[in-house]
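Data block below; observations after.
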Amino acid sequence: EPIMINLDGSQLSMPIDPILHDGRTLVPLRPMFEALGARVDWDNDTRTVTATLDDKIIILQINNKIATVNGNEIELATPIIQDDKVLVPIKFIAEKLGAKVDWNPNSKTVIIISNTTAMSSTTYKVTRVVDGDTIKINFNGIEESLRLIGIDTPESVHPDASRNVLEGRI
């Protein structure tokens, strides 16, 4: 099964499927950087990629395990070329650009929440109402419980049976 990428709640399409290489998920560099809002420059002579987003500058060179992030050297999985596309570790790229990265093993999906989304509101589908202060939501393909703080309602099944809501009595 191919590895899927979910960016800010939407399926991200890549020109080639992400691959596993040395235990890391690699994705095409330019589409990933651009999806996260970065500008990408390529130096063919040195086979070097420079990505810029706000005050972040990431420099990667093909066949070099050392990347530079804002002048600091960091070791990572070697970028590789496949089908004329530069592939890089998705977690490294997303996190260095300020995004949060998670993995859903059931759906084989990399979940990325970008820095801009983390600061904005997001809508999720309510899949079930448990009781007056607890709901279930679909959070990027996973059902999660959400308890509403500051809402005081009777429990649907209270440990003290005399406090349970009975039909006709509210």
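Just so we're on the same page: first chain in the structure tokens is A, next is B, and so on; residues restart at 1 for each chain, and ligands are numbered from 1 in the order they show up.
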Name the residues of chain A that come out as strand (DSSP E or B) in a backbone DSSP run; write them as a PyMOL selection string.
chain A and resi 4-7+10-11+19-21+24-28+39-43+48-53+56-61+66-69+72-75+80-82+85-89+100-104+109-113+125-131+134-139+142-147
If you run DSSP on the backbone here, which positions in chain A get alpha helix (DSSP H)? Please write them as a PyMOL selection string.
chain A and resi 29-35+90-96+115-118
Which residues are close to A:Asn6, i.e. within 12 Å by only C-alpha atoms, leaving aside same-chain residues fewer than 6 positions away? Reply as an mmCIF file with N, CA and C atoms, in the first residue's frame.
```
data_model
loop_
_atom_site.group_PDB
_atom_site.id
_atom_site.type_symbol
_atom_site.label_atom_id
_atom_site.label_comp_id
_atom_site.auth_asym_id
_atom_site.auth_seq_id
_atom_site.Cartn_x
_atom_site.Cartn_y
_atom_site.Cartn_z
ATOM 1 N N LEU A 12 -2.485 15.191 0.410
ATOM 2 C CA LEU A 12 -1.486 15.859 -0.415
ATOM 3 C C LEU A 12 -1.080 14.921 -1.546
ATOM 4 N N SER A 13 -1.128 15.419 -2.762
ATOM 5 C CA SER A 13 -0.767 14.628 -3.930
ATOM 6 C C SER A 13 0.690 14.916 -4.289
ATOM 7 N N MET A 14 1.434 13.866 -4.593
ATOM 8 C CA MET A 14 2.847 13.987 -4.963
ATOM 9 C C MET A 14 3.038 13.434 -6.376
ATOM 10 N N MET A 32 6.977 19.051 -1.549
ATOM 11 C CA MET A 32 6.789 19.071 -0.092
ATOM 12 C C MET A 32 7.103 20.451 0.470
ATOM 13 N N ALA A 35 4.388 22.861 -0.675
ATOM 14 C CA ALA A 35 3.116 22.642 0.034
ATOM 15 C C ALA A 35 3.141 23.287 1.417
ATOM 16 N N LEU A 36 4.334 23.348 2.013
ATOM 17 C CA LEU A 36 4.480 23.978 3.328
ATOM 18 C C LEU A 36 4.749 25.482 3.229
ATOM 19 N N ILE A 90 10.580 13.287 5.050
ATOM 20 C CA ILE A 90 9.446 14.180 5.259
ATOM 21 C C ILE A 90 9.423 14.776 6.666
ATOM 22 N N LYS A 100 4.124 20.176 12.734
ATOM 23 C CA LYS A 100 4.059 19.006 13.612
ATOM 24 C C LYS A 100 3.790 17.794 12.730
ATOM 25 N N VAL A 101 4.507 16.695 12.997
ATOM 26 C CA VAL A 101 4.380 15.503 12.161
ATOM 27 C C VAL A 101 3.959 14.321 13.026
ATOM 28 N N ASP A 102 2.986 13.558 12.539
ATOM 29 C CA ASP A 102 2.518 12.368 13.241
ATOM 30 C C ASP A 102 2.341 11.255 12.212
ATOM 31 N N TRP A 103 2.133 10.029 12.687
ATOM 32 C CA TRP A 103 2.004 8.866 11.810
ATOM 33 C C TRP A 103 0.791 8.060 12.237
ATOM 34 N N ASN A 104 -0.081 7.720 11.287
ATOM 35 C CA ASN A 104 -1.207 6.828 11.541
ATOM 36 C C ASN A 104 -0.868 5.492 10.892
ATOM 37 N N SER A 107 -3.709 3.583 8.628
ATOM 38 C CA SER A 107 -3.954 4.035 7.257
ATOM 39 C C SER A 107 -2.662 4.321 6.495
ATOM 40 N N LYS A 108 -1.516 4.059 7.131
ATOM 41 C CA LYS A 108 -0.204 4.362 6.545
ATOM 42 C C LYS A 108 -0.177 5.801 6.040
ATOM 43 N N THR A 109 -0.516 6.733 6.951
ATOM 44 C CA THR A 109 -0.603 8.137 6.590
ATOM 45 C C THR A 109 0.305 8.983 7.476
ATOM 46 N N VAL A 110 1.104 9.820 6.825
ATOM 47 C CA VAL A 110 1.867 10.843 7.533
ATOM 48 C C VAL A 110 0.926 12.034 7.693
ATOM 49 N N ILE A 111 0.757 12.496 8.938
ATOM 50 C CA ILE A 111 -0.138 13.618 9.227
ATOM 51 C C ILE A 111 0.722 14.821 9.580
ATOM 52 N N ILE A 112 0.556 15.894 8.823
ATOM 53 C CA ILE A 112 1.328 17.113 9.050
ATOM 54 C C ILE A 112 0.373 18.253 9.365
ATOM 55 N N ILE A 113 0.649 18.916 10.470
ATOM 56 C CA ILE A 113 -0.097 20.123 10.831
ATOM 57 C C ILE A 113 0.890 21.272 10.732
ATOM 58 N N SER A 114 0.670 22.152 9.767
ATOM 59 C CA SER A 114 1.618 23.246 9.552
ATOM 60 C C SER A 114 1.479 24.292 10.638
ATOM 61 N N PHE A 139 -10.715 13.027 13.724
ATOM 62 C CA PHE A 139 -9.507 13.844 13.721
ATOM 63 C C PHE A 139 -8.513 13.219 12.767
ATOM 64 N N ASN A 140 -8.495 13.726 11.520
ATOM 65 C CA ASN A 140 -7.582 13.229 10.484
ATOM 66 C C ASN A 140 -7.670 11.722 10.308
ATOM 67 N N GLY A 141 -8.898 11.191 10.269
ATOM 68 C CA GLY A 141 -9.111 9.770 10.013
ATOM 69 C C GLY A 141 -9.158 8.898 11.248
#
```
Would you kindly return, as a PDB file with N, CA, C and O atoms, in the first residue's frame, each protein, DNA or RNA residue with an atom no farther than 12 Å from any atom of A:Pro89, considering only C-alpha atoms and excluding same-chain residues fewer than 4 positions away?
```pdb
ATOM      1  N   PRO A  18       5.532   8.524  -1.947  1.00  0.00           N
ATOM      2  CA  PRO A  18       6.575   8.493  -0.930  1.00  0.00           C
ATOM      3  C   PRO A  18       7.148   7.076  -0.831  1.00  0.00           C
ATOM      4  O   PRO A  18       6.456   6.100  -1.101  1.00  0.00           O
ATOM      5  N   ILE A  19       8.435   6.985  -0.461  1.00  0.00           N
ATOM      6  CA  ILE A  19       9.069   5.677  -0.326  1.00  0.00           C
ATOM      7  C   ILE A  19       9.715   5.548   1.049  1.00  0.00           C
ATOM      8  O   ILE A  19       9.985   6.545   1.708  1.00  0.00           O
ATOM      9  N   LEU A  20       9.911   4.302   1.475  1.00  0.00           N
ATOM     10  CA  LEU A  20      10.670   4.035   2.689  1.00  0.00           C
ATOM     11  C   LEU A  20      12.117   3.756   2.284  1.00  0.00           C
ATOM     12  O   LEU A  20      12.366   2.942   1.388  1.00  0.00           O
ATOM     13  N   HIS A  21      13.058   4.447   2.934  1.00  0.00           N
ATOM     14  CA  HIS A  21      14.481   4.274   2.643  1.00  0.00           C
ATOM     15  C   HIS A  21      15.241   4.391   3.957  1.00  0.00           C
ATOM     16  O   HIS A  21      15.158   5.423   4.632  1.00  0.00           O
ATOM     17  N   ASP A  22      15.932   3.324   4.351  1.00  0.00           N
ATOM     18  CA  ASP A  22      16.669   3.290   5.615  1.00  0.00           C
ATOM     19  C   ASP A  22      15.774   3.643   6.805  1.00  0.00           C
ATOM     20  O   ASP A  22      16.172   4.373   7.705  1.00  0.00           O
ATOM     21  N   GLY A  23      14.521   3.164   6.765  1.00  0.00           N
ATOM     22  CA  GLY A  23      13.606   3.382   7.883  1.00  0.00           C
ATOM     23  C   GLY A  23      12.965   4.759   7.933  1.00  0.00           C
ATOM     24  O   GLY A  23      12.293   5.105   8.908  1.00  0.00           O
ATOM     25  N   ARG A  24      13.146   5.548   6.894  1.00  0.00           N
ATOM     26  CA  ARG A  24      12.563   6.891   6.869  1.00  0.00           C
ATOM     27  C   ARG A  24      11.654   7.030   5.651  1.00  0.00           C
ATOM     28  O   ARG A  24      11.912   6.440   4.607  1.00  0.00           O
ATOM     29  N   THR A  25      10.623   7.856   5.792  1.00  0.00           N
ATOM     30  CA  THR A  25       9.729   8.137   4.673  1.00  0.00           C
ATOM     31  C   THR A  25      10.302   9.305   3.889  1.00  0.00           C
ATOM     32  O   THR A  25      10.486  10.395   4.439  1.00  0.00           O
ATOM     33  N   LEU A  26      10.593   9.057   2.613  1.00  0.00           N
ATOM     34  CA  LEU A  26      11.133  10.106   1.744  1.00  0.00           C
ATOM     35  C   LEU A  26      10.064  10.549   0.752  1.00  0.00           C
ATOM     36  O   LEU A  26       9.298   9.729   0.254  1.00  0.00           O
ATOM     37  N   VAL A  27      10.053  11.857   0.508  1.00  0.00           N
ATOM     38  CA  VAL A  27       9.071  12.444  -0.414  1.00  0.00           C
ATOM     39  C   VAL A  27       9.800  13.368  -1.387  1.00  0.00           C
ATOM     40  O   VAL A  27      10.900  13.836  -1.103  1.00  0.00           O
ATOM     41  N   PRO A  28       9.173  13.648  -2.534  1.00  0.00           N
ATOM     42  CA  PRO A  28       9.773  14.604  -3.465  1.00  0.00           C
ATOM     43  C   PRO A  28       9.940  15.973  -2.786  1.00  0.00           C
ATOM     44  O   PRO A  28       8.995  16.503  -2.206  1.00  0.00           O
ATOM     45  N   LEU A  29      11.144  16.485  -2.861  1.00  0.00           N
ATOM     46  CA  LEU A  29      11.507  17.695  -2.133  1.00  0.00           C
ATOM     47  C   LEU A  29      10.696  18.930  -2.529  1.00  0.00           C
ATOM     48  O   LEU A  29      10.078  19.561  -1.669  1.00  0.00           O
ATOM     49  N   MET A  32       6.977  19.051  -1.549  1.00  0.00           N
ATOM     50  CA  MET A  32       6.789  19.071  -0.092  1.00  0.00           C
ATOM     51  C   MET A  32       7.103  20.451   0.470  1.00  0.00           C
ATOM     52  O   MET A  32       6.332  21.008   1.242  1.00  0.00           O
ATOM     53  N   PHE A  33       8.253  21.012   0.065  1.00  0.00           N
ATOM     54  CA  PHE A  33       8.606  22.356   0.518  1.00  0.00           C
ATOM     55  C   PHE A  33       7.539  23.367   0.100  1.00  0.00           C
ATOM     56  O   PHE A  33       7.108  24.195   0.896  1.00  0.00           O
ATOM     57  N   LEU A  60      20.253  21.530   1.436  1.00  0.00           N
ATOM     58  CA  LEU A  60      20.506  20.091   1.284  1.00  0.00           C
ATOM     59  C   LEU A  60      21.305  19.867   0.022  1.00  0.00           C
ATOM     60  O   LEU A  60      21.068  20.531  -0.994  1.00  0.00           O
ATOM     61  N   LYS A  65      24.949  13.638   3.765  1.00  0.00           N
ATOM     62  CA  LYS A  65      24.091  13.427   4.933  1.00  0.00           C
ATOM     63  C   LYS A  65      24.014  14.648   5.843  1.00  0.00           C
ATOM     64  O   LYS A  65      23.280  14.641   6.817  1.00  0.00           O
ATOM     65  N   ALA A  67      22.858  18.397   6.409  1.00  0.00           N
ATOM     66  CA  ALA A  67      22.009  19.499   5.953  1.00  0.00           C
ATOM     67  C   ALA A  67      22.347  20.709   6.816  1.00  0.00           C
ATOM     68  O   ALA A  67      22.865  20.570   7.923  1.00  0.00           O
ATOM     69  N   GLU A  75      22.805  16.134  10.793  1.00  0.00           N
ATOM     70  CA  GLU A  75      22.911  14.900  10.013  1.00  0.00           C
ATOM     71  C   GLU A  75      21.517  14.324   9.785  1.00  0.00           C
ATOM     72  O   GLU A  75      20.679  14.324  10.681  1.00  0.00           O
ATOM     73  N   LEU A  76      21.275  13.844   8.578  1.00  0.00           N
ATOM     74  CA  LEU A  76      19.985  13.242   8.250  1.00  0.00           C
ATOM     75  C   LEU A  76      20.188  12.145   7.227  1.00  0.00           C
ATOM     76  O   LEU A  76      21.305  11.932   6.751  1.00  0.00           O
ATOM     77  N   ALA A  77      19.101  11.465   6.888  1.00  0.00           N
ATOM     78  CA  ALA A  77      19.160  10.462   5.821  1.00  0.00           C
ATOM     79  C   ALA A  77      19.532  11.168   4.520  1.00  0.00           C
ATOM     80  O   ALA A  77      19.069  12.270   4.244  1.00  0.00           O
ATOM     81  N   THR A  78      20.388  10.554   3.763  1.00  0.00           N
ATOM     82  CA  THR A  78      20.880  11.151   2.523  1.00  0.00           C
ATOM     83  C   THR A  78      19.747  11.391   1.536  1.00  0.00           C
ATOM     84  O   THR A  78      18.981  10.470   1.243  1.00  0.00           O
ATOM     85  N   PRO A  79      19.621  12.623   1.016  1.00  0.00           N
ATOM     86  CA  PRO A  79      18.654  12.850  -0.064  1.00  0.00           C
ATOM     87  C   PRO A  79      19.053  12.000  -1.265  1.00  0.00           C
ATOM     88  O   PRO A  79      20.239  11.831  -1.539  1.00  0.00           O
ATOM     89  N   ILE A  80      18.070  11.438  -1.941  1.00  0.00           N
ATOM     90  CA  ILE A  80      18.364  10.611  -3.107  1.00  0.00           C
ATOM     91  C   ILE A  80      17.576  11.130  -4.306  1.00  0.00           C
ATOM     92  O   ILE A  80      16.658  11.936  -4.162  1.00  0.00           O
ATOM     93  N   ILE A  93      12.042  17.666   7.034  1.00  0.00           N
ATOM     94  CA  ILE A  93      11.649  18.868   6.297  1.00  0.00           C
ATOM     95  C   ILE A  93      10.495  19.582   6.998  1.00  0.00           C
ATOM     96  O   ILE A  93      10.550  20.778   7.252  1.00  0.00           O
ATOM     97  N   ALA A  94       9.442  18.847   7.314  1.00  0.00           N
ATOM     98  CA  ALA A  94       8.256  19.467   7.916  1.00  0.00           C
ATOM     99  C   ALA A  94       8.578  20.082   9.272  1.00  0.00           C
ATOM    100  O   ALA A  94       8.177  21.216   9.566  1.00  0.00           O
ATOM    101  N   GLU A  95       9.292  19.339  10.129  1.00  0.00           N
ATOM    102  CA  GLU A  95       9.592  19.865  11.467  1.00  0.00           C
ATOM    103  C   GLU A  95      10.523  21.070  11.405  1.00  0.00           C
ATOM    104  O   GLU A  95      10.355  22.014  12.177  1.00  0.00           O
ATOM    105  N   LYS A  96      11.490  21.066  10.505  1.00  0.00           N
ATOM    106  CA  LYS A  96      12.414  22.213  10.411  1.00  0.00           C
ATOM    107  C   LYS A  96      11.711  23.452   9.875  1.00  0.00           C
ATOM    108  O   LYS A  96      12.177  24.568  10.070  1.00  0.00           O
ATOM    109  N   VAL A 101       4.507  16.695  12.997  1.00  0.00           N
ATOM    110  CA  VAL A 101       4.380  15.503  12.161  1.00  0.00           C
ATOM    111  C   VAL A 101       3.959  14.321  13.026  1.00  0.00           C
ATOM    112  O   VAL A 101       4.494  14.122  14.118  1.00  0.00           O
ATOM    113  N   VAL A 110       1.104   9.820   6.825  1.00  0.00           N
ATOM    114  CA  VAL A 110       1.867  10.843   7.533  1.00  0.00           C
ATOM    115  C   VAL A 110       0.926  12.034   7.693  1.00  0.00           C
ATOM    116  O   VAL A 110       0.359  12.514   6.709  1.00  0.00           O
TER     117      VAL A 110
END
```
From the list A:Val126, A:Val49, A:Ile3, A:Ile57, the nearest residue to A:Val88 using only C-alpha atoms is A:Val49
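Across the structure, atom CA of A:Asp133 and atom CA of A:Asp160 are spaced 17.6 Å apart.
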Report the distance between atom CA of A:Ile58 and atom CA of A:Asn70 in Å, rounded to one decimal place.
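Taking atom CA of A:Ile58 and atom CA of A:Asn70, their separation equals 6.5 Å.
Take atom CA of A:Phe92 and atom CA of A:Ile142: the distance between them is 23.8 Å.
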For A:Ala51: contacts at 7 Å, only C-alpha atoms, fewer than 6 positions along chain excluded, given as a PyMOL selection string
chain A and resi 38-41+57-59
